[in-house]
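Enquirer: For reference, the structure I am asking about is given below.
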Amino acid sequence: MPHDPELPVIVVGGGPAGIFTGMLLARAGVKVTVLEKHEDFFRDFRGDTVHPSTLDLFHQLGWLDELLEIEHSKVEQIGLRIAGEQRQIADFRHLPVPAPYIAMMPQWDLLDFLAGKARQYPGFELRMGAEAVAARNDSSGRVSAVETSAGEVLPARLVIAADGRRSIMREEAALPLKRIGAPMDVLWFRLDRPEGLGPESFGSLAAGKFLVLINRRTYLQCAFLIPKGKADEIRAQGIDAFRNRLLGLVPELDGAIAAFSDMDEVKLLSVALDRLTRWNRDGLLAIGDAAHAMSPIGGVGINVAVQDAVVAANVLAAPLARGDDPDPLLPRVQQLRARSVHYMQMMQKLAQDRIIRPILQRDQPIDRAPLPVRLIDTVSPLQRLPARLIGLGIDRPHIESPDAYE
């Protein structure tokens, strides 16, 4: 018998994909253990966006109103400032969902909320400070256990790798990775938000420069795009040179930029764009960033990963609850998600190659917005198309896994 129905499913990684998967499986009556290597969730995440598609999943579970009691800000529109002119490129307010906006919510609050809901189900266990370092195979070569940094060997009915873009479980399973690549990295930092800047999040472009501002109510989360591999060089130039790069991009921010004094507060996000060509082997399934690292373009990574979790539970929860062998079902998850992931990554690569790379390489001033941007800004219904792509994704799944505790 290739699996033991009495053993738990072990989910490696306590991020949104991992805990959402664990919660949905436990909700169906499956015994689940989630391993999270950190002692708590209180870390400086860069991905704090909860898109309309994810908010709709909470609505399907009946938890949306409670989730939105957590302090958050709303992004209803996205704009670009080019050649001193503000252009609107996405409007989420017309999406056919209960919450037609992006909720900017600290990810530790989202994870605490999810973990609290998951703990309502008796089969759910979340082990903090439990780092998975290796996979163990049985005599047939099937993944059958997870080893932790403490030396524990935890037998598993199935291992779900949700441990991010540097997934240990993915490496242990020797799953084949296709690297697509990215021409940029991102420097993250915070600035005080001046009054009168406006509620929307937006990007500002100039020759060789691309700054994204995310409205976090009391401050701005800033993403400054730089050519791939240039972070050390920029750091070595010091804080004065860094401030000079930023000054003038958004004149209203020049005062806050001038007061920015600590280069140590600038954090590097090394951008990756890749995907597994096979998401599973017997005993193991990879989802989320472990299966496909997304570019930060559109901020869709968390929401694509949570959609993986929903599909994995839709495919696996009922059979696992019945005691069935999960291995024959594992390829189905990739089959259902591959189109969405491939198209989203294709569009991210197109944006990288056609927009971001030319801007970062440009040394001539930008004197006007490109025609497509001017058109979208002028014809406001066109703003609904990028909003739908960013906000809902492609082939948006709905929760179909059973609730054993209704």
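Numbering starts fresh at 1 for the residues of each chain in the structure tokens, the chains themselves are lettered A, B, ... in the order given, and ligands are numbered from 1 as they appear.
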Once DSSP has gone over the backbone, tell me which residues of range 86-327 of chain A are in strand (DSSP E or B), as an MDAnalysis selection string.
Expert: chainID A and resid 86:91 102:104 124:128 132:137 143:148 153:155 158:161 177:179 184:192 201:206 209:215 219:227 267:269 274:276 280:281 284:286 292:293
Enquirer: When you look at Asp40 in chain A with a cut-off of 9 Å (counting only C-alpha atoms), what residues show up, excluding the ones that are within fewer than 6 positions of it in the same chain? I need them as a PyMOL selection string.
Expert: chain A and resi 108+128-129
Enquirer: Would you mind exporting the chosen residues as a JSON list (two decimals), in the first residue's frame, restricted to C-alpha atoms?
Expert:
[["chain", "number", "residue", "atom", "x", "y", "z"],
["A", 108, "TRP", "CA", 1.18, 38.45, 9.22],
["A", 128, "MET", "CA", 5.90, 26.94, 14.18],
["A", 129, "GLY", "CA", 9.69, 26.87, 14.32]]
Enquirer: So that I can see what lies close to Asn303 in chain A, please list as a PyMOL selection string the residues with an atom at most 8 Å from it, counting only C-alpha atoms and leaving out residues fewer than 6 positions away in the same chain.
Expert: chain A and resi 50-51+53-54
Enquirer: Could you write out that same residue set with N, CA, C and O atoms as an mmCIF file, in the first residue's frame?
Expert:
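See result-v4.cif below for the written result:
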data_model
loop_
_atom_site.group_PDB
_atom_site.id
_atom_site.type_symbol
_atom_site.label_atom_id
_atom_site.label_comp_id
_atom_site.auth_asym_id
_atom_site.auth_seq_id
_atom_site.Cartn_x
_atom_site.Cartn_y
_atom_site.Cartn_z
ATOM 1 N N VAL A 50 -3.908 41.614 -1.099
ATOM 2 C CA VAL A 50 -4.947 40.578 -1.143
ATOM 3 C C VAL A 50 -5.916 41.009 -2.249
ATOM 4 O O VAL A 50 -6.677 41.956 -2.087
ATOM 5 N N HIS A 51 -5.833 40.314 -3.374
ATOM 6 C CA HIS A 51 -6.555 40.732 -4.565
ATOM 7 C C HIS A 51 -8.039 40.355 -4.481
ATOM 8 O O HIS A 51 -8.437 39.533 -3.647
ATOM 9 N N SER A 53 -9.814 38.379 -6.206
ATOM 10 C CA SER A 53 -10.077 36.937 -6.320
ATOM 11 C C SER A 53 -9.920 36.238 -4.978
ATOM 12 O O SER A 53 -10.699 35.338 -4.639
ATOM 13 N N THR A 54 -8.913 36.638 -4.197
ATOM 14 C CA THR A 54 -8.700 36.022 -2.884
ATOM 15 C C THR A 54 -9.753 36.481 -1.896
ATOM 16 O O THR A 54 -10.261 35.680 -1.084
#
Enquirer: What gap, in Å, lies between CA of Met23 in chain A and CA of Ala387 in chain A?
Expert: 28.5 Å
Enquirer: Could you give me, as an NGL selection string, the residues within 12 Å of Asp353 in chain A, counting only C-alpha atoms and dropping anything in the same chain fewer than 4 positions from it?
Expert: :A and (180-184 or 346-349 or 357-361)
Enquirer: What's the 7 Å shell around Leu177 in chain A, counting only C-alpha atoms, without same-chain residues fewer than 3 positions away, as a list in words?
Expert: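 The neighbour list is Arg275, Leu276 and Thr277 of chain A.
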Enquirer: Mind dumping the selected residues with all heavy atoms as a compact mmCIF listing (two decimals), in the first residue's frame?
Expert:
# COMPACT_ATOMS: atom_id res chain seq x y z
N ARG A 275 9.21 28.22 -13.49
CA ARG A 275 8.15 27.27 -13.17
C ARG A 275 8.66 25.84 -13.36
O ARG A 275 9.54 25.58 -14.19
CB ARG A 275 6.90 27.48 -14.02
CG ARG A 275 7.09 27.28 -15.52
CD ARG A 275 5.77 27.40 -16.26
NE ARG A 275 5.93 27.28 -17.70
CZ ARG A 275 6.03 28.31 -18.53
NH1 ARG A 275 5.98 29.54 -18.07
NH2 ARG A 275 6.16 28.09 -19.83
N LEU A 276 8.10 24.96 -12.55
CA LEU A 276 8.37 23.54 -12.73
C LEU A 276 7.66 23.04 -13.98
O LEU A 276 6.53 23.45 -14.26
CB LEU A 276 7.87 22.75 -11.51
CG LEU A 276 8.56 23.02 -10.17
CD1 LEU A 276 7.88 22.21 -9.07
CD2 LEU A 276 10.05 22.68 -10.25
N THR A 277 8.30 22.15 -14.70
CA THR A 277 7.61 21.51 -15.82
C THR A 277 6.83 20.28 -15.35
O THR A 277 5.97 19.78 -16.06
CB THR A 277 8.61 21.11 -16.92
OG1 THR A 277 9.61 20.25 -16.36
CG2 THR A 277 9.28 22.34 -17.50
Enquirer: Please report as a Markdown table every residue of range 174-277 of chain A lying within 10 Å of range 364-369 of chain A, along with the nearest atom pair and their distance in Å (one decimal), using only C-alpha atoms.
Expert:
| residue | atom | partner | partner_atom | distance |
| --- | --- | --- | --- | --- |
| A:Leu205 | CA | A:Ile366 | CA | 8.2 |
| A:Ala206 | CA | A:Ile366 | CA | 6.1 |
| A:Ala207 | CA | A:Pro365 | CA | 5.3 |
| A:Gly208 | CA | A:Gln364 | CA | 8.6 |
Enquirer: Distance CA of His342 in chain A-CA of Arg165 in chain A, one decimal place?
Expert: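 The value is 16.3 Å.
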Enquirer: I'd like the neighbourhood of range 266-269 of chain A as a PDB file with C-alpha atoms, in the first residue's frame, where a residue qualifies if any of its atoms comes within 7 Å (using only C-alpha atoms), though same-chain residues fewer than 4 positions away should be ignored.
Expert:
ATOM      1  CA  ASP A 185      15.494  43.368  -9.201  1.00  0.00           C
ATOM      2  CA  VAL A 186      13.517  45.481  -6.744  1.00  0.00           C
ATOM      3  CA  LEU A 187      14.658  47.650  -3.849  1.00  0.00           C
ATOM      4  CA  TRP A 188      11.940  47.970  -1.193  1.00  0.00           C
ATOM      5  CA  PHE A 189      11.714  50.781   1.334  1.00  0.00           C
TER       6      PHE A 189
END
Enquirer: Within 10 Å of range 296-298 of chain A, counting only C-alpha atoms, which residues show up once you throw out same-chain ones fewer than 3 positions away? Write them as a PyMOL selection string, please.
Expert: chain A and resi 46-47+49+51+78+185-186+223+269+271-273+293+301-302+344-345+347-349+351-352+356+386-387+389-391
Enquirer: Between CA of Ile239 in chain A and CA of Phe202 in chain A, what distance in Å does the model show, to one decimal?
Expert: 23.9 Å
